[in-house]
>>> print(open('entry_35.cif').read())   # mmCIF, C-alpha atoms
data_my_file
loop_
_atom_site.label_atom_id
_atom_site.label_comp_id
_atom_site.auth_asym_id
_atom_site.auth_seq_id
_atom_site.Cartn_x
_atom_site.Cartn_y
_atom_site.Cartn_z
CA MET A 1 135.30 -72.19 -18.83
CA LEU A 2 138.04 -74.51 -17.63
CA ALA A 3 136.80 -77.29 -19.90
CA ALA A 4 136.92 -74.91 -22.86
CA ARG A 5 140.51 -74.00 -22.05
CA TYR A 6 141.45 -77.66 -21.75
CA LEU A 7 139.87 -78.47 -25.10
CA ALA A 8 141.50 -75.50 -26.81
CA GLY A 9 144.85 -76.48 -25.35
CA LEU A 10 144.52 -80.07 -26.45
CA ILE A 11 143.65 -79.07 -29.99
CA LEU A 12 146.53 -76.59 -30.17
CA LEU A 13 148.88 -79.27 -28.91
CA GLY A 14 147.73 -81.63 -31.63
CA LEU A 15 146.00 -84.17 -29.40
CA GLY A 16 142.73 -83.78 -31.28
CA ALA A 17 139.40 -85.24 -30.19
CA ASP A 18 140.24 -88.92 -30.48
CA ASP A 19 138.89 -90.53 -27.30
CA SER A 20 140.46 -93.93 -27.91
CA ASN A 21 142.92 -93.38 -25.06
CA ALA A 22 140.50 -91.69 -22.64
CA ASP A 23 138.76 -93.16 -19.61
CA VAL A 24 141.55 -95.51 -18.62
CA ASP A 25 144.01 -95.62 -15.76
CA LEU A 26 147.17 -95.41 -17.82
CA THR A 27 150.36 -96.90 -16.48
CA SER A 28 152.80 -94.16 -15.58
CA LYS A 29 155.59 -93.66 -18.10
CA PHE A 30 157.95 -92.92 -15.23
CA SER A 31 160.32 -95.79 -14.52
CA ASN A 32 159.54 -95.81 -10.75
CA GLN A 33 163.12 -96.60 -9.85
CA ASP A 34 166.39 -94.93 -8.79
CA SER A 35 164.97 -91.71 -7.28
CA ILE A 36 161.88 -89.56 -6.76
CA ARG A 37 162.77 -87.94 -10.07
CA ASN A 38 161.35 -90.99 -11.83
CA THR A 39 158.01 -91.08 -10.00
CA ARG A 40 154.73 -89.20 -10.22
CA HIS A 41 155.85 -87.08 -7.27
CA ASN A 42 158.20 -85.35 -9.71
CA LEU A 43 155.80 -82.50 -10.40
CA THR A 44 158.02 -81.05 -13.10
CA GLN A 45 156.74 -84.08 -15.08
CA ARG A 46 160.20 -84.63 -16.52
CA GLN A 47 161.87 -87.91 -15.68
CA ALA A 48 165.53 -88.63 -16.35
CA SER A 49 164.84 -90.07 -19.81
CA GLY A 50 161.92 -91.18 -21.93
CA GLY A 51 158.23 -90.60 -21.34
CA PRO A 52 156.26 -87.35 -21.68
CA SER A 53 158.02 -83.99 -21.81
CA GLY A 54 155.44 -82.39 -19.57
CA VAL A 55 154.79 -79.43 -21.87
CA ASN A 56 151.11 -80.36 -22.07
CA MET A 57 150.86 -79.63 -18.36
CA ASP A 58 152.61 -76.26 -18.40
CA PRO A 59 149.51 -74.05 -18.80
CA TYR A 60 148.00 -75.59 -15.67
CA ARG A 61 150.92 -75.64 -13.23
CA ASN A 62 154.31 -73.99 -12.87
CA ASP A 63 157.31 -76.04 -13.90
CA TYR A 64 159.84 -74.80 -11.36
CA GLY A 65 162.56 -76.95 -12.88
CA GLU A 66 163.33 -78.38 -9.44
CA ILE A 67 161.74 -81.46 -7.92
CA CYS A 68 162.15 -80.86 -4.20
CA VAL A 69 160.76 -77.30 -4.24
CA TYR A 70 157.14 -78.49 -4.58
CA CYS A 71 157.39 -79.67 -0.97
CA HIS A 72 160.60 -78.30 0.60
CA THR A 73 162.56 -75.06 0.81
CA PRO A 74 165.95 -74.40 2.42
CA HIS A 75 164.80 -70.93 3.56
CA ALA A 76 161.60 -69.42 4.96
CA ALA A 77 159.99 -72.79 5.63
CA ASN A 78 156.52 -73.17 7.13
CA THR A 79 157.08 -73.59 10.86
CA ASN A 80 153.38 -74.16 11.60
CA VAL A 81 153.60 -77.85 10.71
CA GLY A 82 156.03 -80.45 12.02
CA ALA A 83 157.67 -81.32 8.71
CA PRO A 84 161.25 -80.64 7.58
CA LEU A 85 161.73 -77.42 5.58
CA TRP A 86 158.09 -77.48 4.49
CA ASN A 87 157.25 -75.24 1.52
CA ARG A 88 153.46 -75.40 1.41
CA ALA A 89 150.70 -73.78 3.40
CA ILE A 90 148.42 -75.98 5.50
CA PRO A 91 144.78 -74.86 5.11
CA ASN A 92 142.78 -74.50 8.31
CA THR A 93 140.52 -77.42 7.49
CA THR A 94 138.27 -79.60 9.61
CA TYR A 95 138.28 -83.03 7.99
CA THR A 96 135.50 -85.59 8.21
CA VAL A 97 137.31 -88.42 9.94
CA TYR A 98 136.88 -92.17 9.87
CA SER A 99 134.23 -93.66 12.13
CA SER A 100 133.28 -97.30 12.62
CA ASN A 101 131.85 -99.53 15.34
CA SER A 102 134.79 -101.85 14.74
CA LEU A 103 137.33 -99.11 15.49
CA SER A 104 138.56 -99.41 19.06
CA GLN A 105 140.02 -95.89 19.11
CA THR A 106 138.48 -92.57 18.11
CA ALA A 107 140.01 -90.94 15.05
CA SER A 108 141.06 -87.33 15.62
CA GLN A 109 141.97 -84.66 13.10
CA PRO A 110 145.03 -85.63 11.02
CA GLY A 111 148.46 -84.98 12.48
CA ALA A 112 151.43 -83.35 10.78
CA ALA A 113 152.53 -86.56 9.01
CA SER A 114 149.12 -86.60 7.30
CA LEU A 115 148.56 -82.86 6.80
CA VAL A 116 151.65 -82.53 4.62
CA CYS A 117 150.25 -85.18 2.26
CA LEU A 118 146.78 -83.66 2.34
CA SER A 119 148.20 -80.25 1.41
CA CYS A 120 148.12 -81.60 -2.16
CA HIS A 121 145.86 -84.62 -1.97
CA ASP A 122 142.81 -82.92 -0.42
CA GLY A 123 142.56 -80.74 -3.56
CA GLN A 124 142.14 -77.42 -1.78
CA GLN A 125 145.36 -75.89 -3.11
CA ALA A 126 146.96 -75.93 -6.51
CA VAL A 127 149.70 -78.54 -6.72
CA ASP A 128 152.19 -75.76 -7.55
CA ALA A 129 151.09 -73.45 -4.69
CA ILE A 130 154.32 -73.13 -2.75
CA MET A 131 155.46 -70.50 -0.27
CA ASN A 132 158.98 -69.90 -1.56
CA MET A 133 159.64 -70.16 -5.29
CA PRO A 134 163.21 -70.63 -6.55
CA GLY A 135 165.18 -67.42 -6.76
CA SER A 136 164.73 -64.23 -4.76
CA GLY A 137 161.66 -62.10 -4.21
CA ARG A 138 159.09 -64.83 -4.79
CA TYR A 139 157.96 -65.55 -1.24
CA SER A 140 154.43 -65.52 0.17
CA ALA A 141 153.33 -66.82 3.56
CA THR A 142 149.87 -67.42 2.10
CA PRO A 143 150.21 -68.60 -1.52
CA ASN A 144 146.96 -68.81 -3.43
CA ASN A 145 145.75 -69.82 -6.84
CA SER A 146 144.68 -66.45 -8.21
CA THR A 147 147.27 -63.80 -7.35
CA PHE A 148 150.62 -65.09 -6.10
CA LEU A 149 151.09 -67.76 -8.74
CA ASN A 150 149.59 -66.22 -11.83
CA ASN A 151 152.11 -64.62 -14.22
CA SER A 152 154.90 -64.60 -11.64
CA TRP A 153 156.87 -67.54 -13.01
CA ASN A 154 158.31 -68.16 -16.45
CA ASN A 155 157.87 -71.76 -17.58
CA SER A 156 161.05 -72.02 -19.63
CA SER A 157 160.00 -75.45 -20.86
CA GLY A 158 156.82 -74.31 -22.58
CA PRO A 159 153.72 -72.08 -22.22
CA ASP A 160 153.50 -70.06 -19.03
CA ALA A 161 150.89 -71.25 -16.57
CA THR A 162 147.68 -69.22 -16.61
CA VAL A 163 145.53 -71.68 -14.65
CA HIS A 164 146.73 -73.35 -11.45
CA LEU A 165 144.87 -76.51 -10.56
CA GLY A 166 144.26 -78.64 -7.48
CA LEU A 167 143.77 -82.38 -7.33
CA LYS A 168 139.97 -82.40 -7.44
CA GLN A 169 136.94 -82.51 -9.73
CA GLY A 170 136.71 -79.62 -12.16
CA GLU A 171 140.45 -79.01 -11.93
CA CYS A 172 143.12 -81.74 -12.34
CA LEU A 173 140.42 -84.40 -12.54
CA ALA A 174 138.75 -82.58 -15.43
CA CYS A 175 141.30 -84.50 -17.51
CA HIS A 176 142.71 -87.06 -15.08
CA SER A 177 139.58 -89.10 -14.37
CA SER A 178 137.65 -91.99 -15.85
CA ASN A 179 134.77 -89.77 -17.04
CA ALA A 180 136.88 -87.09 -18.75
CA GLY A 181 135.97 -88.28 -22.25
CA PHE A 182 137.98 -86.85 -25.14
CA ILE A 183 139.04 -83.93 -22.93
CA GLY A 184 141.17 -86.41 -21.00
CA ALA A 185 142.48 -88.34 -23.97
CA GLY A 186 145.78 -89.87 -22.96
CA ALA A 187 145.62 -88.58 -19.39
CA ALA A 188 146.15 -91.09 -16.58
CA ASP A 189 143.32 -91.46 -14.05
CA PHE A 190 144.34 -89.73 -10.80
CA THR A 191 141.00 -90.19 -9.03
CA VAL A 192 142.42 -92.55 -6.43
CA ALA A 193 144.95 -89.89 -5.41
CA ALA A 194 142.28 -87.20 -4.93
CA ILE A 195 141.42 -87.84 -1.28
CA GLY A 196 139.40 -84.68 -0.58
CA THR A 197 138.39 -83.59 2.91
CA ASP A 198 136.13 -86.58 3.67
CA LEU A 199 138.45 -89.26 5.04
CA ARG A 200 135.82 -91.86 5.89
CA ASP A 201 136.72 -94.15 3.00
CA ASP A 202 140.45 -94.16 3.73
CA HIS A 203 142.54 -95.90 6.37
CA PRO A 204 142.03 -94.02 9.67
CA VAL A 205 144.64 -91.34 10.34
CA GLY A 206 145.00 -89.29 13.47
CA VAL A 207 144.09 -92.44 15.39
CA LYS A 208 146.11 -93.67 18.34
CA TYR A 209 147.63 -97.10 18.06
CA PRO A 210 145.24 -99.23 20.15
CA THR A 211 147.77 -100.81 22.50
CA ILE A 212 151.33 -99.60 22.43
CA ASN A 213 152.24 -102.68 24.47
CA GLY A 214 150.47 -105.06 22.11
CA ASP A 215 148.72 -108.00 23.69
CA GLY A 216 149.85 -110.41 20.97
CA THR A 217 146.30 -111.09 19.84
CA ASP A 218 145.15 -108.19 17.67
CA TRP A 219 148.05 -105.77 17.61
CA LYS A 220 151.77 -106.20 17.32
CA THR A 221 154.16 -104.22 19.49
CA PRO A 222 156.53 -101.85 17.68
CA GLY A 223 160.04 -102.87 18.66
CA GLY A 224 161.85 -99.64 17.87
CA SER A 225 161.68 -96.15 19.32
CA VAL A 226 163.22 -92.81 18.38
CA THR A 227 162.37 -89.28 19.48
CA GLY A 228 158.82 -88.62 18.36
CA ALA A 229 158.09 -92.02 16.83
CA LYS A 230 157.70 -95.74 17.33
CA PHE A 231 158.50 -98.19 14.55
CA PHE A 232 158.46 -101.86 13.66
CA ASP A 233 162.16 -102.71 13.54
CA ASP A 234 162.00 -105.50 10.95
CA ASP A 235 165.76 -105.95 10.62
CA ALA A 236 166.54 -105.34 14.32
CA ASP A 237 169.16 -102.69 13.54
CA ASN A 238 167.64 -100.17 15.97
CA ARG A 239 167.19 -97.67 13.13
CA MET A 240 163.92 -96.41 11.62
CA ASP A 241 164.50 -97.42 8.00
CA LYS A 242 162.44 -96.10 5.08
CA GLY A 243 160.82 -99.48 4.53
CA GLU A 244 159.54 -99.90 8.09
CA ILE A 245 156.04 -98.98 9.27
CA ARG A 246 156.02 -96.34 11.97
CA LEU A 247 153.76 -94.52 14.43
CA TYR A 248 154.08 -90.80 15.11
CA GLY A 249 154.33 -89.60 18.71
CA ASN A 250 155.58 -91.18 21.91
CA GLY A 251 154.13 -93.77 24.27
CA ALA A 252 150.35 -94.08 24.40
CA ASP A 253 149.99 -91.04 22.11
CA ALA A 254 151.65 -92.74 19.14
CA SER A 255 149.28 -92.52 16.19
CA VAL A 256 148.78 -93.81 12.68
CA GLU A 257 149.20 -91.16 9.97
CA CYS A 258 149.60 -91.19 6.19
CA GLY A 259 153.37 -91.33 6.65
CA SER A 260 153.04 -94.49 8.74
CA CYS A 261 152.57 -96.58 5.61
CA HIS A 262 153.64 -94.27 2.75
CA ASP A 263 157.01 -92.70 1.96
CA PRO A 264 156.58 -89.86 -0.56
CA HIS A 265 160.13 -90.34 -1.83
CA GLY A 266 159.59 -94.03 -2.65
CA VAL A 267 160.93 -97.25 -1.15
CA THR A 268 162.58 -99.80 -3.39
CA ASN A 269 161.40 -103.39 -3.66
CA GLY A 270 164.19 -104.89 -5.70
CA SER A 271 164.83 -102.50 -8.57
CA LEU A 272 161.41 -100.78 -8.48
CA PHE A 273 159.68 -98.62 -5.90
CA ASN A 274 156.70 -100.15 -4.09
CA ALA A 275 153.36 -99.22 -5.65
CA THR A 276 151.59 -96.07 -4.39
CA PHE A 277 154.66 -95.06 -2.40
CA LEU A 278 154.06 -97.76 0.21
CA ARG A 279 156.87 -98.44 2.65
CA LYS A 280 156.46 -102.19 2.15
CA PRO A 281 154.99 -104.42 -0.58
CA ARG A 282 151.21 -104.15 -0.46
CA ALA A 283 150.59 -107.66 0.92
CA THR A 284 152.76 -107.08 3.98
CA VAL A 285 151.74 -103.57 5.04
CA CYS A 286 148.69 -104.56 7.09
CA LEU A 287 150.45 -107.46 8.77
CA SER A 288 153.10 -105.13 10.18
CA CYS A 289 150.58 -103.94 12.78
CA HIS A 290 147.71 -106.42 12.67
CA THR A 291 147.94 -109.99 13.95
CA LYS A 292 145.73 -112.12 11.73
#
>>> encode(input="entry_35.cif", output="structure tokens")
Amino acid sequence: MLAARYLAGLILLGLGADDSNADVDLTSKFSNQDSIRNTRHNLTQRQASGGPSGVNMDPYRNDYGEICVYCHTPHAANTNVGAPLWNRAIPNTTYTVYSSNSLSQTASQPGAASLVCLSCHDGQQAVDAIMNMPGSGRYSATPNNSTFLNNSWNNSSGPDATVHLGLKQGECLACHSSNAGFIGAGAADFTVAAIGTDLRDDHPVGVKYPTINGDGTDWKTPGGSVTGAKFFDDDADNRMDKGEIRLYGNGADASVECGSCHDPHGVTNGSLFNATFLRKPRATVCLSCHTK
């Protein structure tokens, strides 16, 4: 049924059945510079200038016309997760965590600095499933894909959303994957961003940093400390800068989470943001913690 809707939508939008642009990981048409507005985390799909208008996406997610609202709200925020002004629900999920004989610490369930990322990237909720929509009277403590979102928002930019999709197979990945065929003609491959609930093939999260007082052999010692976090103070300014790797929690409980290495708002490397929202250029991320 979903595939039929996708196909009908593509034909109506004039994309046709030409599969010459399908099955590829297309480079984003966002400029990846200046601000989050010009990155793929702008879920309105409308960058400052150039690139796609985003209308093709309107039937499948609400265009709220505001970038921050997909994650944050100034009022009625979710207080069940330790994230600032959080505007998404956190499903009660037990994740399959990383396990390896080479891992010196046991990985636990993800902490808050991972759960906020997984609230989209595990695919369980629609990417536009937020608790507090812009305007008044559009609040729900438990947003879901079938009742709260449907027909309650007017997409002024194009067709109103009738299907609300999560980042997983059969939904977003029905078009945004390498095996989408002509259905996904011209759609970038988002498979790498669809983490799911099995975390065994990703860097361990929810895992305590092995030795907070690093022994100088395998692990480096984070030189900076603020309330609730340790960080590698690369520029020795005693401030936890966006481009510095950090650990969440204090003392021996400090742990590695998604936010340890990734900044969802982007960190500049010259004029461009680092790839995949990394805090540092890819080659230097691992060496912030590991002595090799």
>>> resolve_selection(input="entry_35.cif", expression="the PyMOL selection byres ((chain A and resi 46) around 12)", output="JSON, numbers by chain")
{"A": [29, 30, 31, 36, 37, 38, 39, 40, 41, 42, 43, 44, 45, 47, 48, 49, 50, 51, 52, 53, 54, 55, 56, 57, 58, 63, 64, 65, 66, 67, 157]}
>>> resolve_selection(input="entry_35.cif", expression="the PyMOL selection byres ((chain A and resi 195-208) around 8)", output="ChimeraX atom specification")
/A:93-99,105-111,114,118,121-124,168,192-194,209-210,252-258
>>> closest_residue(input="entry_35.cif", among="A:Lys242, A:His262, A:Arg88, A:Arg61", to="Gly166 (chain A)", atoms="all atoms listed in the file")
A:Arg61
>>> atom_distance(input="entry_35.cif", atom1="CA of Cys172 (chain A)", atom2="CA of Leu26 (chain A)")
15.3 Å
>>> resolve_selection(input="entry_35.cif", expression="the PyMOL selection byres ((chain A and resi 272) around 10)", output="PDB file with C-alpha atoms, in the frame of the given file")
ATOM      1  CA  SER A  31     160.320 -95.790 -14.520  1.00  0.00           C
ATOM      2  CA  ASN A  32     159.540 -95.810 -10.750  1.00  0.00           C
ATOM      3  CA  GLN A  33     163.120 -96.600  -9.850  1.00  0.00           C
ATOM      4  CA  ASP A  34     166.390 -94.930  -8.790  1.00  0.00           C
ATOM      5  CA  SER A  35     164.970 -91.710  -7.280  1.00  0.00           C
ATOM      6  CA  GLY A 266     159.590 -94.030  -2.650  1.00  0.00           C
ATOM      7  CA  VAL A 267     160.930 -97.250  -1.150  1.00  0.00           C
ATOM      8  CA  THR A 268     162.580 -99.800  -3.390  1.00  0.00           C
ATOM      9  CA  ASN A 269     161.400-103.390  -3.660  1.00  0.00           C
ATOM     10  CA  GLY A 270     164.190-104.890  -5.700  1.00  0.00           C
ATOM     11  CA  SER A 271     164.830-102.500  -8.570  1.00  0.00           C
ATOM     12  CA  PHE A 273     159.680 -98.620  -5.900  1.00  0.00           C
ATOM     13  CA  ASN A 274     156.700-100.150  -4.090  1.00  0.00           C
ATOM     14  CA  ALA A 275     153.360 -99.220  -5.650  1.00  0.00           C
TER      15      ALA A 275
END
>>> closest_residue(input="entry_35.cif", among="A:Thr73, A:Asn87, A:Ser104, A:Ser28", to="Trp219 (chain A)", atoms="all atoms listed in the file")
A:Ser104
>>> atom_distance(input="entry_35.cif", atom1="CA of Leu165 (chain A)", atom2="CA of Phe182 (chain A)")
19.2 Å
>>> residues_near_point(input="entry_35.cif", point="(151.3, -75.3, -0.4)", cutoff="6 Å", atoms="all atoms listed in the file", output="list in words")
Arg88, Ala89, Ala129 and Ile130 of chain A
>>> atom_distance(input="entry_35.cif", atom1="CA of Pro143 (chain A)", atom2="CA of Ala161 (chain A)")
15.3 Å
>>> residues_near_point(input="entry_35.cif", point="(166.6, -97.2, 19.4)", cutoff="12 Å", atoms="all atoms listed in the file", output="list of chain:residue names")
A:Pro222, A:Gly223, A:Gly224, A:Ser225, A:Val226, A:Thr227, A:Gly228, A:Ala229, A:Lys230, A:Phe231, A:Phe232, A:Asp233, A:Ala236, A:Asp237, A:Asn238, A:Arg239, A:Met240, A:Asp241
>>> closest_residue(input="entry_35.cif", among="A:Gly82, A:Asp234, A:Thr162, A:Ser288", to="Ser260 (chain A)", atoms="only C-alpha atoms")
A:Ser288
>>> closest_residue(input="entry_35.cif", among="A:Thr191, A:Lys292, A:Ala174, A:Trp86", to="Ala112 (chain A)", atoms="all atoms listed in the file")
A:Trp86
>>> closest_residue(input="entry_35.cif", among="A:Cys68, A:Ala77, A:Ala141, A:Leu103", to="Pro91 (chain A)", atoms="all atoms listed in the file")
A:Ala141
>>> closest_residue(input="entry_35.cif", among="A:Pro74, A:Lys220, A:Val81, A:Ser100", to="Leu115 (chain A)", atoms="only C-alpha atoms")
A:Val81
>>> decode(input="entry_35.cif", residues="region 239-267 of chain A", atoms="C-alpha atoms", output="compact mmCIF listing (two decimals), in the first residue's frame")
# COMPACT_ATOMS: atom_id res chain seq x y z
CA ARG A 239 35.51 25.26 28.08
CA MET A 240 33.66 22.34 26.49
CA ASP A 241 33.67 23.51 22.88
CA LYS A 242 31.44 22.02 20.16
CA GLY A 243 34.42 20.46 18.41
CA GLU A 244 35.71 18.57 21.45
CA ILE A 245 34.91 14.93 22.26
CA ARG A 246 33.14 14.50 25.57
CA LEU A 247 31.91 11.89 28.05
CA TYR A 248 28.56 12.16 29.79
CA GLY A 249 28.43 11.80 33.58
CA ASN A 250 30.91 12.44 36.35
CA GLY A 251 33.95 10.54 37.61
CA ALA A 252 34.01 6.80 37.04
CA ASP A 253 30.45 6.90 35.68
CA ALA A 254 31.37 9.02 32.66
CA SER A 255 30.17 7.21 29.55
CA VAL A 256 30.40 7.30 25.78
CA GLU A 257 27.14 8.24 24.05
CA CYS A 258 26.15 9.30 20.53
CA GLY A 259 26.67 12.93 21.54
CA SER A 260 30.26 12.17 22.56
CA CYS A 261 31.35 12.21 18.93
CA HIS A 262 28.43 13.81 17.06
CA ASP A 263 26.94 17.30 17.30
CA PRO A 264 23.49 17.38 15.66
CA HIS A 265 23.85 21.09 14.90
CA GLY A 266 27.12 20.61 12.99
CA VAL A 267 30.71 21.60 13.70
